[in-house]
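Encoded as structure tokens, the structure appears first; notes follow it.
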There are 2 protein chains.
Amino acid sequence: MDAITFIPDESRREPLYLQVYKHLTERIRDGELRDGEHLPSKRALAAHLKISVSTVETAYEMLVTQGYATARPRSGYYVNGIEGLVADRPYIVPEEEPERFGASTYRYDFGTDAVDASAFPYATWAKITREVMSDGGGLLARGDVRGDECLRMSIAKYLRDFRNVRCRPDQIVVGAGMEYLMGLIAGLTEGTFALEEPGYSATARILENLGASVCPILLDDGGMDEHALYASGATAAYITPSHQFPTGIVMPVARRLRLIQWAAQESERFLIEDDYDSEFRYSGRPVPSLQGMDPSGKVVYIGSFSRSIAPSIRIAYMVLPHDMMDRFLKKYGSYSSTVSRFEQHTLSRFISEGHFARHINRTRLVYRRRRDAAIRALQSMESGAVTVHGAQAGIHLIAELRCGFSAQQVAAAAAAHSVRVLPLADYYHGPSPESARDRMVLHFAGMDEETICDGITCLDRAVLGLQAGHSGHRT
Amino acid sequence: MDAITFIPDESRREPLYLQVYKHLTERIRDGELRDGEHLPSKRALAAHLKISVSTVETAYEMLVTQGYATARPRSGYYVNGIEGLVADRPYIVPEEEPERFGASTYRYDFGTDAVDASAFPYATWAKITREVMSDGGGLLARGDVRGDECLRMSIAKYLRDFRNVRCRPDQIVVGAGMEYLMGLIAGLTEGTFALEEPGYSATARILENLGASVCPILLDDGGMDEHALYASGATAAYITPSHQFPTGIVMPVARRLRLIQWAAQESERFLIEDDYDSEFRYSGRPVPSLQGMDPSGKVVYIGSFSRSIAPSIRIAYMVLPHDMMDRFLKKYGSYSSTVSRFEQHTLSRFISEGHFARHINRTRLVYRRRRDAAIRALQSMESGAVTVHGAQAGIHLIAELRCGFSAQQVAAAAAAHSVRVLPLADYYHGPSPESARDRMVLHFAGMDEETICDGITCLDRAVLGLQAGHSGHRT
């Protein structure tokens with residue numbers, strides 16, 4: 001019984017039977033207890049370890065369930081040997097890695113699409129959540145893979161009223177973020193995706209991660225050039241026509257219609273309209289969706305509440321043409337929705353009771369002031385004349401800085417002053433054209449006006465430093 | 001100005017400027033207003049339509065933004081023609097389809113993995129949600145792609161204490177359901193996935209949808225047979241060793257170690273342990289995870305709260321070996337988590353404050369009583385002797401019915417009595433063996449004991465009817 005000698009510790013959180021079980025399995029695994037060996041009787045081991053017989057019995061039962069031992073009637077327990085089966089590579093625990101996520105390390109971060117936390121009506125959201133939860137247990141059951149009907153109805157109505165999207169609730173699929181939905185879309189076609197260049201690197205990455213083929217199409221002043229699209233052989237085109245990311249181009253209607261025409265010419269072709277920041281338009285009136293202009297059912301319209309409510313609310317949606325919805329249900333009909341039904345119902349009521357529209361209106365004002373502050377600060381920079389592009393909407397703008405240095409050099413100098421700005425060139429999949437050289441992308445929604453001004457003052461100082469250093473070198 | 005004559009309707013919800021804008025774009029699109037045509041002055045149109053000048057101005061601005069018109073300084077607005085660009089295929093709205101999802105149409109549904117709604121501690125969950133929401137706006141920002149650290153810590157501790165899983169929080173990835181996580185795993189390898197036969201059709205479907213190659217491996221009494229696995233050429237094996245789905249087999253430890261050995265032999269090989277219902281074990285003690293036996297870091301462990309809490313709480317998790325976590329972060333590091341951070345923090349506190357363990361204990365008792373009721377009812381069926389398999393854990397069991405009819409025939413007869421049972425044969429990817437012929441899968445967690453008994457009485461009646469019909473035919 002020597003191999004089974006150890007001191008069970010009653011003060012440990014681990015129950016005694018588990019301590020006995022673990023000790024026995026370790027002895028079996030290290031070969032001290034061998035194949036066919038007769039284990040001590042329950043009574044004997046209990047006496048030996050000064051524990052109860054029932055504790056030993058439980059441990060022995062576990063051994064049998066797990067295959068470490070066999071029980072023979074009226075004879076007792078016998079070890080099932082497993083020597084030689086245990087791999088001897090040690091389990092390597094690497095050093096603790098530094099935290100990769102979390103708060104920005106920059107004092108002024110114009111490179112993040114953070115939004116304003118303070119504008120979110122927590123109290124309302126919590127109240128609705130509470131009410132939804134008190135409505136009973138129906139929401140615990142599995143829901144519709146497309147999302148619950150109430151939420152699809154709220155979204156459809158919102159899209160009709162505010163975005164001129166033509167859709168019915170049964171065309172909508174709700175999912176946990178754009179990345180997830182793009183993955184589902186990628187599964188519905190085998191063709192090549194045309195992407196905007198410059199554009200969302202996230203979209204390219206998701207598609208490439210899924211093994212889909214992508215083809216960047218260089219934009220002109222009107223957005224994606226249809227001639228290049230025809231030449232590309234792509235079957236799907238991903239576009240942000242209302243406010244191109246990141247350039248801010250609004251696609252003219254004639255271009256929109258020519259893209260719809262492109263899609264309508266072949267049954268396998270379609271457009272993906274990502275209306276990612278349509279809620280925040282500051283000058284002029286809302287640009288209606290491209291989807292609403294399409295009489296042929298060739299546009300997949302996608303949007304998200306992650307930006308308009310909060311990044312941590314992981315609810316995005318897509319509006320599918322009817323034939324694609326049929327394909328969707330055939331392929332994914334057995335899946336579960338990726339969004340909690342409690343949160344779906346909370347959001348549905350948040351929209352249908354008007355809180356969402358009010359929140360958007362409030363937030364739009366806040367962001368407009370921030371945008372205005374950013375533009376004012378940029379235009380009073382001492383280091384050079386600045387032209388702002390694409391600032392009629394959204395939560396970022398393009399600053400074209402004529403200071404004698406490229407945006408890349410400015411970004412590097414700014415980083416040393418704890419200011420993060422991203423060169424437009426970073427948003428290109430391939431090499432960027434000369435016209436992008438002096439342009440930077442500035443996200444402004446996550447900072448208040450004072451912080452924005454301070455940040456741009458710091459940026460200015462960084463550029464002035466560059467210029468001083470440069471002239472210094474020259475002299 | 002005739003083409004622009006219509007009556008703006010102030011009583012409509014749609015603002016006047018939008019009515020004017022829409023009317024103008026329709027006239028441009030149908031060609032009544034042609035390329036180059038000079039639009040009436042703002043003042044003239046306002047007088048014509050009896051609306052304010054600023055309303056017309058807003059509509060004209062929208063036309064320019066959208067590319068329908070061009071503004072020329074000191075001259076006015078000119079139409080940009082777009083005739084011939086509008087596709088003429090009509091927009092087809094199909095008939096309303098019947099609801100595909102929602103409540104079961106069976107009176108007694110043993111075919112659904114529904115769980116008990118009444119056991120869920122709403123009040124606690126809502127209270128924690130409220131507290132999490134009142135903690136401030138920090139949770140609105142984008143979180144860690146793996147899920148927030150607090151939740152990963154709670155899960156790691158739970159898995160260590162209750163499942164003997166060896167992991168640290170930085171090995172955990174939280175995601176919106178198993179389907180999503182399986183998709184991520186599929187992206188980390190290019191090899192073939194060995195699947196249990198019979199097994200989860202959902203897993204096969206997800207992998208096939210993603211274009212991954214799968215290979216079903218016929219189970220023997222110990223689960224997945226390692227010889228067949230070696231022969232298959234697969235690089236990943238998806239297994240449910242603690243309680244195989246649907247057979248309920250507990251994989252013996254020697255088999256487990258041989259599978260770990262299989263994985264350890266090649267760097268690209270790994271095991272996926274799906275511990276889908278480990279929380280509900282009724283006889284004997286918990287079966288520790290296979291992951292905890294693996295010294296070589298070759299096991300991806302996955303689990304979900306959809307079953308243990310509720311299907312509508314879309315939170316699943318996986319524990320990755322360190323080298324796979326590196327691959328994960330390289331490939332998916334720029335993604336957002338698919339789970340709302342509010343819900344992550346709620347769940348984290350639900351676990352760390354002990355509510356989860358209490359809930360599981362309560363639910364386990366409830367399900368155990370339901371299982372016992374199901375077994376008792378099955379064993380008193382008049383239509384034939386019943387052997388129950390795999391009922392030591394989980395929320396389903398296998399009933400082997402010796403009544404002279406196959407499970408397929410019994411299921412069809414039961415359906416006519418509004419009882420849904422699924423033949424074990426349905427869980428095979430390929431043809432099922434003779435041994436599966438008389439076996440049915442019964443899920444019992446979604447009904448109370450009385451309903452279960454009534455359902456099985458109905459099932460019995462259905463089989464007795466079959467037998468009577470059969471002997472009737474014979475005579």
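Order determines the names: the first chain of the structure tokens is A, the second B, and so forth; residues in each chain are numbered 1 upward, and ligands are numbered 1 upward as they are shown.
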
Residues flagged alpha helix (DSSP H) by DSSP in stretch 205-385 of chain A, as number ranges by chain: A: 205-209, 226-232, 253-264, 305-308, 322-332, 341-352, 355-379

Contacts of stretch 32-44 of chain B at 6 Å or less, counting only C-alpha atoms, minus same-chain residues fewer than 3 places along, as a PyMOL selection string? chain B and resi 27-28+47+53+56+77-81

For the residues in that selection, give me C-alpha atoms as a JSON list (two decimals), in the first residue's frame.
[["chain", "number", "residue", "atom", "x", "y", "z"],
["B", 27, "ARG", "CA", -38.24, 63.11, -62.35],
["B", 28, "ILE", "CA", -34.49, 62.99, -63.06],
["B", 47, "ALA", "CA", -43.49, 80.09, -54.74],
["B", 53, "VAL", "CA", -37.21, 78.93, -49.86],
["B", 56, "VAL", "CA", -36.15, 74.12, -51.53],
["B", 77, "TYR", "CA", -28.68, 74.46, -60.37],
["B", 78, "TYR", "CA", -28.34, 72.17, -63.42],
["B", 79, "VAL", "CA", -29.53, 68.57, -63.77],
["B", 80, "ASN", "CA", -26.98, 65.79, -64.19],
["B", 81, "GLY", "CA", -28.69, 63.32, -66.53]]

All residues 10 Å or closer to stretch 246-254 of chain A, only C-alpha atoms, same chain fewer than 5 positions away omitted, as a PDB file with C-alpha atoms, in the first residue's frame:
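What landed in result.pdb:
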ATOM      1  CA  GLU A 196     -12.072  49.959 -52.055  1.00  0.00           C
ATOM      2  CA  GLU A 197      -8.459  51.180 -52.212  1.00  0.00           C
ATOM      3  CA  PRO A 198      -7.892  52.876 -49.815  1.00  0.00           C
ATOM      4  CA  GLY A 199     -10.412  51.233 -47.539  1.00  0.00           C
ATOM      5  CA  TYR A 200     -11.154  49.173 -44.455  1.00  0.00           C
ATOM      6  CA  LEU A 219     -10.744  54.905 -56.081  1.00  0.00           C
ATOM      7  CA  ASP A 220     -11.186  58.047 -58.136  1.00  0.00           C
ATOM      8  CA  ASP A 221     -13.022  61.198 -57.014  1.00  0.00           C
ATOM      9  CA  GLY A 222     -16.357  59.393 -57.126  1.00  0.00           C
ATOM     10  CA  GLY A 223     -15.335  56.295 -55.202  1.00  0.00           C
ATOM     11  CA  MET A 224     -14.969  52.853 -56.797  1.00  0.00           C
ATOM     12  CA  ILE A 239     -18.350  49.785 -51.049  1.00  0.00           C
ATOM     13  CA  THR A 240     -19.033  52.603 -48.572  1.00  0.00           C
ATOM     14  CA  PRO A 241     -20.920  54.979 -50.902  1.00  0.00           C
ATOM     15  CA  LEU A 259     -22.452  49.986 -60.104  1.00  0.00           C
ATOM     16  CA  ILE A 260     -25.990  48.631 -59.709  1.00  0.00           C
ATOM     17  CA  VAL A 287     -27.431  60.701 -48.197  1.00  0.00           C
ATOM     18  CA  LEU A 290     -27.604  52.994 -52.528  1.00  0.00           C
ATOM     19  CA  MET A 293     -31.994  52.942 -55.547  1.00  0.00           C
ATOM     20  CA  HIS A 389     -11.493  66.458 -46.602  1.00  0.00           C
ATOM     21  CA  GLY A 390     -14.475  64.203 -46.015  1.00  0.00           C
ATOM     22  CA  ALA A 391     -15.615  65.967 -42.839  1.00  0.00           C
ATOM     23  CA  GLN A 392     -19.266  66.326 -43.814  1.00  0.00           C
ATOM     24  CA  ALA A 393     -20.030  63.103 -41.981  1.00  0.00           C
ATOM     25  CA  GLY A 394     -18.674  60.439 -39.696  1.00  0.00           C
ATOM     26  CA  HIS A 396     -13.026  60.909 -38.667  1.00  0.00           C
ATOM     27  CA  LEU A 397     -11.646  63.331 -41.230  1.00  0.00           C
ATOM     28  CA  ILE A 398      -8.749  63.612 -43.617  1.00  0.00           C
ATOM     29  CA  LEU A 424      -3.715  57.825 -45.262  1.00  0.00           C
ATOM     30  CA  TYR A 427      -5.211  52.447 -45.460  1.00  0.00           C
ATOM     31  CA  ALA A 436      -1.979  60.360 -50.398  1.00  0.00           C
ATOM     32  CA  ARG A 439      -2.819  63.174 -45.964  1.00  0.00           C
ATOM     33  CA  MET A 440      -3.558  61.874 -42.497  1.00  0.00           C
ATOM     34  CA  VAL A 441      -6.648  60.276 -41.008  1.00  0.00           C
ATOM     35  CA  LEU A 442      -7.861  61.766 -37.718  1.00  0.00           C
TER      36      LEU A 442
ATOM     37  CA  THR B  25     -34.895  62.637 -58.166  1.00  0.00           C
ATOM     38  CA  ARG B  29     -34.462  59.222 -62.985  1.00  0.00           C
ATOM     39  CA  LEU B  63     -29.371  66.877 -55.112  1.00  0.00           C
ATOM     40  CA  VAL B  64     -25.878  68.291 -55.383  1.00  0.00           C
ATOM     41  CA  THR B  65     -24.470  66.073 -52.631  1.00  0.00           C
ATOM     42  CA  GLN B  66     -25.967  63.047 -54.342  1.00  0.00           C
ATOM     43  CA  GLY B  67     -24.712  64.027 -57.773  1.00  0.00           C
ATOM     44  CA  TYR B  68     -28.182  64.578 -59.268  1.00  0.00           C
ATOM     45  CA  ALA B  69     -27.413  68.230 -59.912  1.00  0.00           C
ATOM     46  CA  ASN B  80     -26.984  65.785 -64.186  1.00  0.00           C
ATOM     47  CA  GLY B  81     -28.687  63.315 -66.528  1.00  0.00           C
ATOM     48  CA  ILE B  82     -28.728  59.679 -65.610  1.00  0.00           C
ATOM     49  CA  GLU B  83     -31.152  58.256 -68.187  1.00  0.00           C
ATOM     50  CA  LEU B  85     -28.662  53.938 -66.104  1.00  0.00           C
ATOM     51  CA  VAL B  86     -31.672  52.725 -64.205  1.00  0.00           C
TER      52      VAL B  86
END

For the strand (DSSP E or B) assignment from backbone DSSP, which residues of stretch 28-175 of chain A qualify? Please present them as a short mmCIF file (atom, residue, chain, number, x, y, z; two decimals) with C-alpha atoms, in the first residue's frame.
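selection.cif was written with the following content:
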data_model
loop_
_atom_site.label_atom_id
_atom_site.label_comp_id
_atom_site.auth_asym_id
_atom_site.auth_seq_id
_atom_site.Cartn_x
_atom_site.Cartn_y
_atom_site.Cartn_z
CA HIS A 38 -5.03 -5.47 -7.07
CA ALA A 69 -9.32 0.54 -12.91
CA THR A 70 -11.74 -2.33 -13.37
CA ALA A 71 -14.13 -3.56 -10.67
CA ARG A 72 -14.52 -7.32 -10.47
CA GLY A 76 -12.26 -5.80 -5.76
CA TYR A 77 -10.53 -3.24 -7.93
CA TYR A 78 -7.70 -3.88 -10.40
CA VAL A 79 -5.44 -1.33 -12.06
CA TYR A 108 -3.95 62.08 -27.74
CA ASP A 109 -5.15 59.19 -29.85
CA ILE A 172 -32.63 41.11 -42.15
CA VAL A 173 -29.96 39.08 -40.36
CA VAL A 174 -28.63 40.28 -37.03
CA GLY A 175 -25.17 39.15 -35.93
#

All residues 8 Å or closer to A:Ala377, only C-alpha atoms, same chain fewer than 5 positions away omitted, as a CSV table (one decimal) with N, CA, C and O atoms, in the first residue's frame:
chain,number,residue,atom,x,y,z
A,453,CYS,N,-8.2,70.0,-29.2
A,453,CYS,CA,-7.4,71.2,-29.4
A,453,CYS,C,-6.0,71.0,-28.9
A,453,CYS,O,-5.0,71.3,-29.6
A,456,ILE,N,-4.1,68.6,-31.1
A,456,ILE,CA,-3.6,69.2,-32.4
A,456,ILE,C,-2.5,70.3,-32.2
A,456,ILE,O,-1.6,70.4,-33.0
A,457,THR,N,-2.6,70.9,-31.1
A,457,THR,CA,-1.5,71.8,-30.7
A,457,THR,C,-0.2,71.0,-30.5
A,457,THR,O,0.9,71.5,-31.0

Compile the contact shell of A:Phe162 as a list in words: residues with an atom at most 9 Å away, counting only C-alpha atoms, same-chain residues fewer than 3 positions apart removed.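 That gives Lys157, Tyr158, Leu159, Val165, Glu279, Pro286 and Pro288 of chain A.
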
Keeping only N, CA and C atoms, write the selected residues as an mmCIF file, in the first residue's frame.
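The file below, result.cif, is the result:
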data_model
loop_
_atom_site.group_PDB
_atom_site.id
_atom_site.type_symbol
_atom_site.label_atom_id
_atom_site.label_comp_id
_atom_site.auth_asym_id
_atom_site.auth_seq_id
_atom_site.Cartn_x
_atom_site.Cartn_y
_atom_site.Cartn_z
ATOM 1 N N LYS A 157 -37.767 49.255 -39.870
ATOM 2 C CA LYS A 157 -38.483 50.537 -39.830
ATOM 3 C C LYS A 157 -37.479 51.696 -39.782
ATOM 4 N N TYR A 158 -36.470 51.540 -38.944
ATOM 5 C CA TYR A 158 -35.439 52.572 -38.856
ATOM 6 C C TYR A 158 -34.768 52.787 -40.219
ATOM 7 N N LEU A 159 -34.434 51.690 -40.890
ATOM 8 C CA LEU A 159 -33.736 51.806 -42.170
ATOM 9 C C LEU A 159 -34.629 52.431 -43.237
ATOM 10 N N VAL A 165 -33.760 52.625 -47.055
ATOM 11 C CA VAL A 165 -33.489 51.238 -47.430
ATOM 12 C C VAL A 165 -34.827 50.549 -47.645
ATOM 13 N N GLU A 279 -25.236 57.493 -39.633
ATOM 14 C CA GLU A 279 -26.003 58.243 -38.632
ATOM 15 C C GLU A 279 -25.432 59.634 -38.387
ATOM 16 N N PRO A 286 -29.148 63.831 -44.957
ATOM 17 C CA PRO A 286 -28.663 62.461 -45.086
ATOM 18 C C PRO A 286 -28.586 62.022 -46.544
ATOM 19 N N PRO A 288 -29.284 59.251 -48.970
ATOM 20 C CA PRO A 288 -30.030 57.994 -48.918
ATOM 21 C C PRO A 288 -29.154 56.817 -49.351
#

If we count only C-alpha atoms and set the cut-off at 10 Å, which residues sit around B:Asp113, ignoring sequence neighbours fewer than 2 positions away in its own chain? Please answer as a list of chain:residue names.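 Near B:Asp113, the qualifying residues are A:Ala141, A:Arg142, B:Asp109, B:Phe110, B:Gly111, B:Val115, B:Asp116, B:Arg307, B:Pro311, B:Ile395, B:His396, B:Leu442, B:His443, B:Phe444, B:Ala445, B:Gly446.
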
From the options A:His417, A:Arg358, A:Arg437, A:Arg256, which residue's atoms come nearest to chain B, counting only C-alpha atoms? A:Arg256

Atom CA of B:Ser352 and atom CA of B:Ser154, how far apart in Å?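 Atom CA of B:Ser154 sits 5.8 Å away from atom CA of B:Ser352.
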
Exercise: B:Met324 partners within 9 Å, only C-alpha atoms, chain neighbours under 5 positions left out, as a ChimeraX atom specification: /B:188,300,329

What gap, in Å, lies between atom CA of B:Cys150 and atom CA of B:Ala357?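 Computing the Euclidean distance for atom CA of B:Cys150 and atom CA of B:Ala357 yields 17.1 Å.
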
Just how far from atom CA of B:Ser406 is atom CA of B:Leu466, in Å to one decimal?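 Here the two named atoms are 11.0 Å from each other.
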